[in-house]
Structures are given as structure tokens and as C-alpha cells.
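Remarks on the structure that follows.
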Amino acid sequence: MTIATIVPGKPSPEKTAKQQAARKVTLVGLALNVLLGFAKVVIGFLAHSHALIADGVHSFTDAATDIMVLVVTRLSLQDPDEEHPYGHGKFETLGTVLLGGLLIAVASAMAYDSLYRWIFIGITNVPQWPAIVVAAMSIIGKELIYQYTLRVGKRLNSDLLVANAWHSRTDALSSIVVLLAIIGAMAGWLWLDALAAMAVAMLVAKIGWSLAWASLKELVETSLPKDKMREIKSLIRSVEGVKDTHFLRGRFVGPDIVLDIHLQVDPKISVSEGHQIGLAVMSEIKKQVKHVTDMTLHIDAEEDGKLADQLATVNTLPMRDEIRKILHNRWEGTLPQEAVKEILIHYLQGKVHLEVMFTLPAGADHKSLQTQLKSKLDDLQWLQSIRFWATLS
């Protein structure tokens, strides 16, 4: 029984608000990165600071990732459609992997450039004071945009925005390296540039790997964390009417959670009551667990084991039409077919359990008739039990 309904169309107000918030914070970061990039490259050239020029190139890479975030966020926040019934959240996951990979690449380039200049070229140019001013402005600006983007990313539960926030933090860290390198160069300690740059490069690579690895696990359908699964299972079992949940799967689709749930209920209740219990479970999960967007519920009358075991026995048990024909043929001459008003069929533990409601013929003895009816079914291997409910004609 599928609980969540997918309706193609315009994005929901909630997703529209998310998209606007994500777009706003990314545009602010994009504008800042472009301005800082130009300032670093121009001032670095005029003030004889190769480190500041390299940091300006880093700012331009931040601007490029901001553009990528704008595109990916627009795609990922679209509502489900026929081609993407679970939504477009994986676009954000893919974008986070690419962004994490870019951080690793930038870190590798920073480390290589610093090591190469230290060993083979050497640092000979002494920067001038304007380079210190620009580097300090970059640190302050990038730290502010980091805090702003991180706050919005956590509020929207967006790994991509969080990843982009950390990318801004790497630019702030690289600007610190540049500032130290400039001060060290002006004081005569030229080797500080390469050493500090390599240390920051290792930190940037670690951040990139953490982001990329988490999203890669999501792309290969890694389950939800064990503590989250325990929380959901405990919540399901607390709902009235649920005997157990013996099969529960959960996964991420971008920032959203998708669940597959098997609910075990009393085998004698009606289909509509089982459906109502399922709705109650869905309502409770929606209230207590954030970011669950889709649930598929299967209502079970018992612990049904593996699907392969169920399929192996399904053809050994008769369906309703066949059961009606067997009862009519076996009871012909004992109970008229029109006397049988309703048959309830329960399939439990590989057997059939029947409840038969019939109108008791005039002058017939109820107990004697039941005994006769049961005796005519004794040889049926698939029949486990039968109960009779009779009303007077």
C-alpha cells in the first residue's frame, strides 16, 4: 500500500521557499567571490605577491562552484515527476560529490604549487603592504559568507550548501596562509609561505573527502544511520494496532528520506482497519521524523519471511473463486448455494482459515449441520480451520 502520492506540477511553497533561500545565499557568495578574485589578482600583480594572485584564482574557482550550486539546487528542489518519482534530490548528492572532488583537486594544486616553488624556484619577491590589506579583507569576507551559507544550509538540510560553505572556509584559510606568507616574506622568512600552504591544503583535502565520501555512500543506496533506523522502528511499534515491524528500509534521496515499511497487524481485522493503522503510522512518522517525503507500507497479517518463500507456496493455496466452487460442490445437497452469504478467507502460515456465514435452513439443526459440512472438507490439505456463523431464515 503506497501512502505517499506523487503529483507532478508546480513546486510546493516549501520547496519554493527553500530554492529562494538557497539562491539568495549563493548569489551573495558569488558576488563576493568575483569581487575578491579581481581584487586579489590585480593587487597581487601590483604588489608583487604571487601568493595573492594564486589566492585570487582560488576565489574564481569558488565563483564557479557557486554557479554550479545555483544550477544543481534548482534541479534538486523540483517536485517529483514521472521520470523522477522519488524527486530530484540525487542531483544535490551528485553536486556534493563533484564539489568535494573539486576541493580535493584545489588542495592538491595548492600543495603541489607550494612544494614546487619551495624546492625548485624559491620565493624571491617581497610583497608590499596593499597585499596585506586585501588578504585581511578576504579572510573577513570569506568567513562571514561561510557562516551565512552554513547557517542556511543546515536550516534547509542541504548538503550541497554546507559543502559550498566549507569551500568558502577553505578560501578564508588560504587567505590566512597568504597573509602569513606576506608577513613572513616581508620579515625575511620566505619558507613560511610553502609550509603553511601545504598544511592548509591537507585540511582542505580532508574536508573535500568527507563531503564526497558521505554523498558517494548515498549514491550507492547506503541505509540510514542505525540510530535513525532504531528511532523509526521504535516509533512505528508505539502506534496502536501495530504488532511489529519485521522489515524496514530507509535511504536518502538528497536531503529527503524515503522509507519502505512492513507492518504486522492482527490477521482478523478488515483491510480498511489495516489501512487506517498504516495511515496512523505515516502520520506519526511525519510528525516525529524530519525530512521524510515518501513511504511505502506493506500491511502483513503475520511475519511473512522472505519473498522467495512466499512465492514458493502461493500457487499451492486456492484463491476465492476456487474456494467457492469447492465448497459448493462438496456441500451440494447439504447446504444450498444461495444460503451461503459471505466467506472470509485468511491465509496464515501457509494454510487457509475460513469463516462462513450462512442462513440456517428451516428445521435444520445448527450443530448437526456444522458437523456434516466440516466432514465433507476433511481431506483438503490446504484447509487449516473453518468456523460457521448462522442466522435463521
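Going through the C-alpha cells in order, the chains are called A, B, and so on, while each chain numbers its residues from 1 and the ligands are numbered from 1 in the order shown.
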Filtered DSSP result for segment 197-359 of chain A, state helix (DSSP H, G or I), as a PDB file with N, CA and C atoms, in the first residue's frame:
ATOM      1  N   ALA A 197      50.956  26.790   3.360  1.00  0.00           N
ATOM      2  CA  ALA A 197      50.059  26.433   2.254  1.00  0.00           C
ATOM      3  C   ALA A 197      49.824  24.929   2.201  1.00  0.00           C
ATOM      4  N   MET A 198      50.879  24.141   2.436  1.00  0.00           N
ATOM      5  CA  MET A 198      50.726  22.681   2.396  1.00  0.00           C
ATOM      6  C   MET A 198      49.873  22.178   3.562  1.00  0.00           C
ATOM      7  N   ALA A 199      50.010  22.817   4.735  1.00  0.00           N
ATOM      8  CA  ALA A 199      49.205  22.422   5.878  1.00  0.00           C
ATOM      9  C   ALA A 199      47.720  22.677   5.614  1.00  0.00           C
ATOM     10  N   VAL A 200      47.415  23.848   5.051  1.00  0.00           N
ATOM     11  CA  VAL A 200      46.023  24.165   4.731  1.00  0.00           C
ATOM     12  C   VAL A 200      45.507  23.250   3.619  1.00  0.00           C
ATOM     13  N   ALA A 201      46.364  22.926   2.658  1.00  0.00           N
ATOM     14  CA  ALA A 201      45.959  22.038   1.565  1.00  0.00           C
ATOM     15  C   ALA A 201      45.518  20.686   2.109  1.00  0.00           C
ATOM     16  N   MET A 202      46.215  20.171   3.115  1.00  0.00           N
ATOM     17  CA  MET A 202      45.827  18.889   3.725  1.00  0.00           C
ATOM     18  C   MET A 202      44.455  18.996   4.393  1.00  0.00           C
ATOM     19  N   LEU A 203      44.205  20.131   5.069  1.00  0.00           N
ATOM     20  CA  LEU A 203      42.903  20.337   5.704  1.00  0.00           C
ATOM     21  C   LEU A 203      41.789  20.431   4.667  1.00  0.00           C
ATOM     22  N   VAL A 204      42.051  21.165   3.583  1.00  0.00           N
ATOM     23  CA  VAL A 204      41.056  21.300   2.517  1.00  0.00           C
ATOM     24  C   VAL A 204      40.743  19.938   1.900  1.00  0.00           C
ATOM     25  N   ALA A 205      41.783  19.131   1.674  1.00  0.00           N
ATOM     26  CA  ALA A 205      41.581  17.800   1.099  1.00  0.00           C
ATOM     27  C   ALA A 205      40.747  16.918   2.027  1.00  0.00           C
ATOM     28  N   LYS A 206      40.983  17.032   3.325  1.00  0.00           N
ATOM     29  CA  LYS A 206      40.215  16.235   4.295  1.00  0.00           C
ATOM     30  C   LYS A 206      38.733  16.620   4.254  1.00  0.00           C
ATOM     31  N   ILE A 207      38.453  17.917   4.201  1.00  0.00           N
ATOM     32  CA  ILE A 207      37.069  18.386   4.118  1.00  0.00           C
ATOM     33  C   ILE A 207      36.413  17.878   2.832  1.00  0.00           C
ATOM     34  N   GLY A 208      37.132  17.998   1.710  1.00  0.00           N
ATOM     35  CA  GLY A 208      36.597  17.528   0.433  1.00  0.00           C
ATOM     36  C   GLY A 208      36.303  16.049   0.443  1.00  0.00           C
ATOM     37  N   TRP A 209      37.203  15.256   1.031  1.00  0.00           N
ATOM     38  CA  TRP A 209      36.996  13.810   1.093  1.00  0.00           C
ATOM     39  C   TRP A 209      35.781  13.461   1.947  1.00  0.00           C
ATOM     40  N   SER A 210      35.638  14.127   3.088  1.00  0.00           N
ATOM     41  CA  SER A 210      34.494  13.847   3.969  1.00  0.00           C
ATOM     42  C   SER A 210      33.174  14.114   3.250  1.00  0.00           C
ATOM     43  N   LEU A 211      33.085  15.235   2.551  1.00  0.00           N
ATOM     44  CA  LEU A 211      31.853  15.584   1.841  1.00  0.00           C
ATOM     45  C   LEU A 211      31.582  14.614   0.689  1.00  0.00           C
ATOM     46  N   ALA A 212      32.619  14.317  -0.098  1.00  0.00           N
ATOM     47  CA  ALA A 212      32.438  13.436  -1.255  1.00  0.00           C
ATOM     48  C   ALA A 212      32.092  12.016  -0.816  1.00  0.00           C
ATOM     49  N   TRP A 213      32.731  11.519   0.244  1.00  0.00           N
ATOM     50  CA  TRP A 213      32.509  10.146   0.688  1.00  0.00           C
ATOM     51  C   TRP A 213      31.091   9.959   1.223  1.00  0.00           C
ATOM     52  N   ALA A 214      30.603  10.934   1.992  1.00  0.00           N
ATOM     53  CA  ALA A 214      29.240  10.841   2.525  1.00  0.00           C
ATOM     54  C   ALA A 214      28.216  10.794   1.390  1.00  0.00           C
ATOM     55  N   SER A 215      28.419  11.601   0.361  1.00  0.00           N
ATOM     56  CA  SER A 215      27.471  11.620  -0.746  1.00  0.00           C
ATOM     57  C   SER A 215      27.624  10.397  -1.650  1.00  0.00           C
ATOM     58  N   LEU A 216      28.842   9.895  -1.788  1.00  0.00           N
ATOM     59  CA  LEU A 216      29.036   8.665  -2.562  1.00  0.00           C
ATOM     60  C   LEU A 216      28.290   7.504  -1.926  1.00  0.00           C
ATOM     61  N   LYS A 217      28.300   7.420  -0.596  1.00  0.00           N
ATOM     62  CA  LYS A 217      27.562   6.359   0.085  1.00  0.00           C
ATOM     63  C   LYS A 217      26.064   6.486  -0.182  1.00  0.00           C
ATOM     64  N   GLU A 218      25.587   7.717  -0.279  1.00  0.00           N
ATOM     65  CA  GLU A 218      24.173   7.922  -0.592  1.00  0.00           C
ATOM     66  C   GLU A 218      23.864   7.494  -2.020  1.00  0.00           C
ATOM     67  N   LEU A 219      24.757   7.772  -2.947  1.00  0.00           N
ATOM     68  CA  LEU A 219      24.527   7.407  -4.343  1.00  0.00           C
ATOM     69  C   LEU A 219      24.460   5.899  -4.528  1.00  0.00           C
ATOM     70  N   LYS A 226      22.167   3.736  11.773  1.00  0.00           N
ATOM     71  CA  LYS A 226      21.499   2.735  12.613  1.00  0.00           C
ATOM     72  C   LYS A 226      20.660   3.376  13.715  1.00  0.00           C
ATOM     73  N   ASP A 227      21.150   4.471  14.318  1.00  0.00           N
ATOM     74  CA  ASP A 227      20.378   5.104  15.385  1.00  0.00           C
ATOM     75  C   ASP A 227      19.078   5.705  14.851  1.00  0.00           C
ATOM     76  N   LYS A 228      19.102   6.227  13.610  1.00  0.00           N
ATOM     77  CA  LYS A 228      17.891   6.760  12.996  1.00  0.00           C
ATOM     78  C   LYS A 228      16.896   5.641  12.695  1.00  0.00           C
ATOM     79  N   MET A 229      17.390   4.496  12.241  1.00  0.00           N
ATOM     80  CA  MET A 229      16.517   3.352  11.963  1.00  0.00           C
ATOM     81  C   MET A 229      15.887   2.819  13.256  1.00  0.00           C
ATOM     82  N   ARG A 230      16.670   2.783  14.327  1.00  0.00           N
ATOM     83  CA  ARG A 230      16.121   2.337  15.623  1.00  0.00           C
ATOM     84  C   ARG A 230      15.035   3.297  16.106  1.00  0.00           C
ATOM     85  N   GLU A 231      15.271   4.592  15.905  1.00  0.00           N
ATOM     86  CA  GLU A 231      14.277   5.592  16.305  1.00  0.00           C
ATOM     87  C   GLU A 231      12.962   5.392  15.540  1.00  0.00           C
ATOM     88  N   ILE A 232      13.051   5.177  14.237  1.00  0.00           N
ATOM     89  CA  ILE A 232      11.849   4.999  13.414  1.00  0.00           C
ATOM     90  C   ILE A 232      11.133   3.703  13.778  1.00  0.00           C
ATOM     91  N   LYS A 233      11.890   2.630  13.989  1.00  0.00           N
ATOM     92  CA  LYS A 233      11.277   1.337  14.335  1.00  0.00           C
ATOM     93  C   LYS A 233      10.549   1.431  15.667  1.00  0.00           C
ATOM     94  N   SER A 234      11.155   2.076  16.655  1.00  0.00           N
ATOM     95  CA  SER A 234      10.509   2.248  17.958  1.00  0.00           C
ATOM     96  C   SER A 234       9.232   3.074  17.832  1.00  0.00           C
ATOM     97  N   LEU A 235       9.269   4.098  16.998  1.00  0.00           N
ATOM     98  CA  LEU A 235       8.103   4.951  16.774  1.00  0.00           C
ATOM     99  C   LEU A 235       6.968   4.160  16.139  1.00  0.00           C
ATOM    100  N   ILE A 236       7.275   3.325  15.155  1.00  0.00           N
ATOM    101  CA  ILE A 236       6.257   2.514  14.490  1.00  0.00           C
ATOM    102  C   ILE A 236       5.592   1.570  15.478  1.00  0.00           C
ATOM    103  N   ARG A 237       6.378   0.912  16.305  1.00  0.00           N
ATOM    104  CA  ARG A 237       5.845  -0.070  17.255  1.00  0.00           C
ATOM    105  C   ARG A 237       4.973   0.564  18.331  1.00  0.00           C
ATOM    106  N   VAL A 271      -9.471  -5.001   5.928  1.00  0.00           N
ATOM    107  CA  VAL A 271      -8.492  -4.299   5.112  1.00  0.00           C
ATOM    108  C   VAL A 271      -8.495  -2.807   5.438  1.00  0.00           C
ATOM    109  N   SER A 272      -9.688  -2.244   5.614  1.00  0.00           N
ATOM    110  CA  SER A 272      -9.785  -0.811   5.882  1.00  0.00           C
ATOM    111  C   SER A 272      -9.174  -0.453   7.236  1.00  0.00           C
ATOM    112  N   GLU A 273      -9.296  -1.346   8.231  1.00  0.00           N
ATOM    113  CA  GLU A 273      -8.676  -1.066   9.520  1.00  0.00           C
ATOM    114  C   GLU A 273      -7.154  -1.138   9.405  1.00  0.00           C
ATOM    115  N   GLY A 274      -6.655  -2.120   8.633  1.00  0.00           N
ATOM    116  CA  GLY A 274      -5.223  -2.188   8.397  1.00  0.00           C
ATOM    117  C   GLY A 274      -4.714  -0.937   7.704  1.00  0.00           C
ATOM    118  N   HIS A 275      -5.509  -0.439   6.745  1.00  0.00           N
ATOM    119  CA  HIS A 275      -5.137   0.796   6.041  1.00  0.00           C
ATOM    120  C   HIS A 275      -5.108   1.977   7.010  1.00  0.00           C
ATOM    121  N   GLN A 276      -6.074   2.018   7.912  1.00  0.00           N
ATOM    122  CA  GLN A 276      -6.129   3.108   8.884  1.00  0.00           C
ATOM    123  C   GLN A 276      -4.921   3.070   9.821  1.00  0.00           C
ATOM    124  N   ILE A 277      -4.513   1.871  10.224  1.00  0.00           N
ATOM    125  CA  ILE A 277      -3.320   1.736  11.059  1.00  0.00           C
ATOM    126  C   ILE A 277      -2.100   2.243  10.298  1.00  0.00           C
ATOM    127  N   GLY A 278      -2.025   1.913   8.998  1.00  0.00           N
ATOM    128  CA  GLY A 278      -0.921   2.395   8.173  1.00  0.00           C
ATOM    129  C   GLY A 278      -0.891   3.912   8.104  1.00  0.00           C
ATOM    130  N   LEU A 279      -2.069   4.532   7.953  1.00  0.00           N
ATOM    131  CA  LEU A 279      -2.139   5.993   7.924  1.00  0.00           C
ATOM    132  C   LEU A 279      -1.683   6.594   9.255  1.00  0.00           C
ATOM    133  N   ALA A 280      -2.043   5.923  10.365  1.00  0.00           N
ATOM    134  CA  ALA A 280      -1.627   6.409  11.682  1.00  0.00           C
ATOM    135  C   ALA A 280      -0.102   6.347  11.819  1.00  0.00           C
ATOM    136  N   VAL A 281       0.500   5.280  11.294  1.00  0.00           N
ATOM    137  CA  VAL A 281       1.961   5.153  11.321  1.00  0.00           C
ATOM    138  C   VAL A 281       2.600   6.279  10.506  1.00  0.00           C
ATOM    139  N   MET A 282       2.054   6.515   9.311  1.00  0.00           N
ATOM    140  CA  MET A 282       2.590   7.568   8.470  1.00  0.00           C
ATOM    141  C   MET A 282       2.497   8.936   9.138  1.00  0.00           C
ATOM    142  N   SER A 283       1.347   9.200   9.763  1.00  0.00           N
ATOM    143  CA  SER A 283       1.145  10.483  10.433  1.00  0.00           C
ATOM    144  C   SER A 283       2.142  10.676  11.568  1.00  0.00           C
ATOM    145  N   GLU A 284       2.377   9.615  12.343  1.00  0.00           N
ATOM    146  CA  GLU A 284       3.290   9.713  13.480  1.00  0.00           C
ATOM    147  C   GLU A 284       4.724   9.946  13.002  1.00  0.00           C
ATOM    148  N   ILE A 285       5.125   9.240  11.945  1.00  0.00           N
ATOM    149  CA  ILE A 285       6.476   9.422  11.414  1.00  0.00           C
ATOM    150  C   ILE A 285       6.644  10.838  10.873  1.00  0.00           C
ATOM    151  N   LYS A 286       5.629  11.332  10.159  1.00  0.00           N
ATOM    152  CA  LYS A 286       5.701  12.685   9.606  1.00  0.00           C
ATOM    153  C   LYS A 286       5.877  13.724  10.720  1.00  0.00           C
ATOM    154  N   LYS A 287       5.211  13.494  11.853  1.00  0.00           N
ATOM    155  CA  LYS A 287       5.294  14.450  12.959  1.00  0.00           C
ATOM    156  C   LYS A 287       6.629  14.379  13.686  1.00  0.00           C
ATOM    157  N   GLN A 288       7.196  13.177  13.802  1.00  0.00           N
ATOM    158  CA  GLN A 288       8.350  12.985  14.676  1.00  0.00           C
ATOM    159  C   GLN A 288       9.692  12.938  13.949  1.00  0.00           C
ATOM    160  N   LEU A 307      10.560 -13.127   0.597  1.00  0.00           N
ATOM    161  CA  LEU A 307       9.629 -13.119  -0.529  1.00  0.00           C
ATOM    162  C   LEU A 307       9.707 -14.414  -1.324  1.00  0.00           C
ATOM    163  N   ALA A 308      10.917 -14.962  -1.467  1.00  0.00           N
ATOM    164  CA  ALA A 308      11.078 -16.204  -2.233  1.00  0.00           C
ATOM    165  C   ALA A 308      10.280 -17.344  -1.603  1.00  0.00           C
ATOM    166  N   ASP A 309      10.249 -17.407  -0.258  1.00  0.00           N
ATOM    167  CA  ASP A 309       9.476 -18.452   0.431  1.00  0.00           C
ATOM    168  C   ASP A 309       7.988 -18.274   0.193  1.00  0.00           C
ATOM    169  N   GLN A 310       7.537 -17.028   0.192  1.00  0.00           N
ATOM    170  CA  GLN A 310       6.121 -16.763  -0.052  1.00  0.00           C
ATOM    171  C   GLN A 310       5.729 -17.156  -1.472  1.00  0.00           C
ATOM    172  N   LEU A 311       6.558 -16.818  -2.447  1.00  0.00           N
ATOM    173  CA  LEU A 311       6.254 -17.129  -3.840  1.00  0.00           C
ATOM    174  C   LEU A 311       6.250 -18.633  -4.085  1.00  0.00           C
ATOM    175  N   ALA A 312       7.048 -19.369  -3.312  1.00  0.00           N
ATOM    176  CA  ALA A 312       7.130 -20.817  -3.493  1.00  0.00           C
ATOM    177  C   ALA A 312       5.831 -21.507  -3.073  1.00  0.00           C
ATOM    178  N   THR A 313       5.072 -20.892  -2.139  1.00  0.00           N
ATOM    179  CA  THR A 313       3.852 -21.527  -1.635  1.00  0.00           C
ATOM    180  C   THR A 313       2.576 -20.894  -2.171  1.00  0.00           C
ATOM    181  N   VAL A 314       2.669 -19.788  -2.877  1.00  0.00           N
ATOM    182  CA  VAL A 314       1.470 -19.065  -3.269  1.00  0.00           C
ATOM    183  C   VAL A 314       0.572 -19.891  -4.195  1.00  0.00           C
ATOM    184  N   ARG A 320     -10.147 -17.168  -4.015  1.00  0.00           N
ATOM    185  CA  ARG A 320     -11.554 -17.104  -3.613  1.00  0.00           C
ATOM    186  C   ARG A 320     -12.489 -17.870  -4.555  1.00  0.00           C
ATOM    187  N   ASP A 321     -12.368 -17.652  -5.858  1.00  0.00           N
ATOM    188  CA  ASP A 321     -13.299 -18.310  -6.782  1.00  0.00           C
ATOM    189  C   ASP A 321     -13.203 -19.821  -6.697  1.00  0.00           C
ATOM    190  N   GLU A 322     -11.966 -20.320  -6.597  1.00  0.00           N
ATOM    191  CA  GLU A 322     -11.802 -21.772  -6.495  1.00  0.00           C
ATOM    192  C   GLU A 322     -12.372 -22.299  -5.191  1.00  0.00           C
ATOM    193  N   ILE A 323     -12.161 -21.555  -4.100  1.00  0.00           N
ATOM    194  CA  ILE A 323     -12.706 -21.985  -2.805  1.00  0.00           C
ATOM    195  C   ILE A 323     -14.226 -22.030  -2.853  1.00  0.00           C
ATOM    196  N   ARG A 324     -14.861 -21.048  -3.470  1.00  0.00           N
ATOM    197  CA  ARG A 324     -16.327 -21.033  -3.595  1.00  0.00           C
ATOM    198  C   ARG A 324     -16.820 -22.267  -4.363  1.00  0.00           C
ATOM    199  N   LYS A 325     -16.134 -22.589  -5.448  1.00  0.00           N
ATOM    200  CA  LYS A 325     -16.541 -23.746  -6.245  1.00  0.00           C
ATOM    201  C   LYS A 325     -16.393 -25.042  -5.454  1.00  0.00           C
ATOM    202  N   ILE A 326     -15.280 -25.182  -4.717  1.00  0.00           N
ATOM    203  CA  ILE A 326     -15.061 -26.395  -3.915  1.00  0.00           C
ATOM    204  C   ILE A 326     -16.141 -26.542  -2.855  1.00  0.00           C
ATOM    205  N   LEU A 327     -16.448 -25.458  -2.156  1.00  0.00           N
ATOM    206  CA  LEU A 327     -17.483 -25.521  -1.117  1.00  0.00           C
ATOM    207  C   LEU A 327     -18.843 -25.861  -1.721  1.00  0.00           C
ATOM    208  N   HIS A 328     -19.163 -25.268  -2.855  1.00  0.00           N
ATOM    209  CA  HIS A 328     -20.458 -25.544  -3.496  1.00  0.00           C
ATOM    210  C   HIS A 328     -20.562 -27.016  -3.900  1.00  0.00           C
ATOM    211  N   ASN A 329     -19.470 -27.546  -4.499  1.00  0.00           N
ATOM    212  CA  ASN A 329     -19.500 -28.948  -4.940  1.00  0.00           C
ATOM    213  C   ASN A 329     -19.563 -29.902  -3.759  1.00  0.00           C
ATOM    214  N   ARG A 330     -18.809 -29.611  -2.698  1.00  0.00           N
ATOM    215  CA  ARG A 330     -18.778 -30.509  -1.546  1.00  0.00           C
ATOM    216  C   ARG A 330     -20.077 -30.450  -0.743  1.00  0.00           C
ATOM    217  N   TRP A 331     -20.709 -29.290  -0.713  1.00  0.00           N
ATOM    218  CA  TRP A 331     -21.897 -29.119   0.130  1.00  0.00           C
ATOM    219  C   TRP A 331     -23.214 -29.265  -0.646  1.00  0.00           C
ATOM    220  N   GLN A 337     -26.559 -23.358  -2.254  1.00  0.00           N
ATOM    221  CA  GLN A 337     -25.551 -22.335  -2.550  1.00  0.00           C
ATOM    222  C   GLN A 337     -26.020 -20.938  -2.160  1.00  0.00           C
ATOM    223  N   GLU A 338     -27.326 -20.693  -2.364  1.00  0.00           N
ATOM    224  CA  GLU A 338     -27.842 -19.368  -2.044  1.00  0.00           C
ATOM    225  C   GLU A 338     -27.880 -19.089  -0.538  1.00  0.00           C
ATOM    226  N   ALA A 339     -27.738 -20.152   0.267  1.00  0.00           N
ATOM    227  CA  ALA A 339     -27.743 -19.966   1.722  1.00  0.00           C
ATOM    228  C   ALA A 339     -26.432 -19.365   2.220  1.00  0.00           C
TER     229      ALA A 339
END
So that I can see what lies close to segment 55-72 of chain A, please list as a PyMOL selection string the residues with an atom at most 8 Å from it, counting only C-alpha atoms and leaving out residues fewer than 2 positions away in the same chain.
chain A and resi 22-23+26-27+29-31+33-34+36-41+51-53+74-76+91-92+95+99+106+160-161+164+167-168+171+174-175+178
Interatomic distance, atom CA of Ile176 of chain A to atom CA of Gly153 of chain A (Å, one decimal):
24.3 Å
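Of the listed residues (A:Gly333, A:Ser375, A:Ile299, A:Gly350), A:Gly350 comes nearest to Asn315 of chain A; the distances count only C-alpha atoms.
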Would you list, as JSON, numbers by chain, the residues of segment 239-363 of chain A that end up in strand (DSSP E) under DSSP run on this structure's backbone?
{"A": [244, 245, 246, 247, 248, 249, 250, 251, 252, 253, 256, 257, 258, 259, 260, 261, 262, 263, 264, 292, 293, 294, 295, 296, 297, 298, 299, 300, 340, 341, 342, 343, 344, 345, 346, 347, 348, 351, 352, 353, 354, 355, 356, 357, 358, 359, 360]}
Neighbouring residues of Thr245 of chain A were defined as those with any atom within 7 Å, considering only C-alpha atoms; residues of the same chain fewer than 3 positions away were excluded. Please report them as a PyMOL selection string.
chain A and resi 237+248+262-264
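Shortest separation to His353 of chain A among A:Ile386, A:Val253, A:Ala111, A:Leu317 occurs at residue A:Ile386, atoms counted being only C-alpha atoms.
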In Å and to one decimal, atom CA of Lys154 of chain A is distant from atom CA of Asp260 of chain A by 25.9 Å
